[in-house]
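Here is the structure we will look at.
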Amino acid sequence: MLFDFGKKRREMEMASARRAIAEVARREGKTIEEVRASMMEAIEEAYKTPDPNAQALWAQIPRKGEIPMPEELIIWVGKRL
């Protein structure tokens, strides 16, 4: 049986991003759902920008859907720090 290291790494990254969201929720006295909703609202608004430089950055973010989920954005930004 072969082990898929890429899949395992992705699962670990997603778990880390979820922990980051949970920590923000704890610090802010909000639920995880409230934090994720606020993040999605900000992502959706920022995604609408017509700025070609910003659009080029958005295009680089690996994601499953049209717009990155908060966890996907956290992972992408974290790798660039």
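Letters for chains follow the order of the structure tokens (A, B, ...), residue numbers begin at 1 for each chain, and ligand numbers begin at 1 in the order shown.
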* Show which residues sit within 12 Å of Gln60 of chain A, as a PyMOL selection string. Count only C-alpha atoms, and ignore same-chain residues fewer than 6 positions away. => chain A and resi 53-54+67-68+72-73+76-77+80
* Would you kindly return, as number ranges by chain, each protein, DNA or RNA residue with an atom no farther than 10 Å from any atom of segment 19-21 of chain A, considering only C-alpha atoms and excluding same-chain residues fewer than 3 positions away? => A: 13-16, 24-27, 31-33, 35-36, 39, 70-71, 74
* Go through A:Glu44, A:Glu34, A:Glu11, A:Asp4 and flag the residue nearest Met69 of chain A, using only C-alpha atoms for the distances. => A:Glu44
* Asked: Taking the backbone alone, and naming residues the way the document does, which bits of chain A are helix (DSSP H, G or I) by DSSP, as a PyMOL selection string?
  -> chain A and resi 5-28+32-47+52-60+70-80
Would you give me, as a tab-separated table, each residue of segment 26-57 of chain A having an atom within 12 Å of an atom of segment 61-65 of chain A, along with its shortest atom pair and that distance in Å to one decimal, using only C-alpha atoms and sorting by chain and residue number?
residue	atom	partner	partner_atom	distance
A:Tyr47	CA	A:Ile61	CA	11.6
A:Ala54	CA	A:Ile61	CA	11.4
A:Gln55	CA	A:Ile61	CA	10.4
A:Ala56	CA	A:Ile61	CA	9.4
A:Leu57	CA	A:Ile61	CA	7.1
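With only C-alpha atoms as the basis for measurement, A:Ala17 is the residue among A:Ala22, A:Pro50, A:Ala17, A:Met40 that approaches Gly78 of chain A most closely.
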* To do: Give the answer as one residue: which of A:Lys7, A:Lys48, A:Arg18, A:Lys30 has the shortest atom-to-atom distance to Ile75 of chain A, using only C-alpha atoms?
  =>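 The shortest atom-to-atom distance to Ile75 of chain A comes from A:Arg18.
In terms of minimum interatomic distance to Ala46 of chain A, A:Trp58 ranks closest within A:Arg10, A:Lys79, A:Glu28, A:Trp58, counting only C-alpha atoms.
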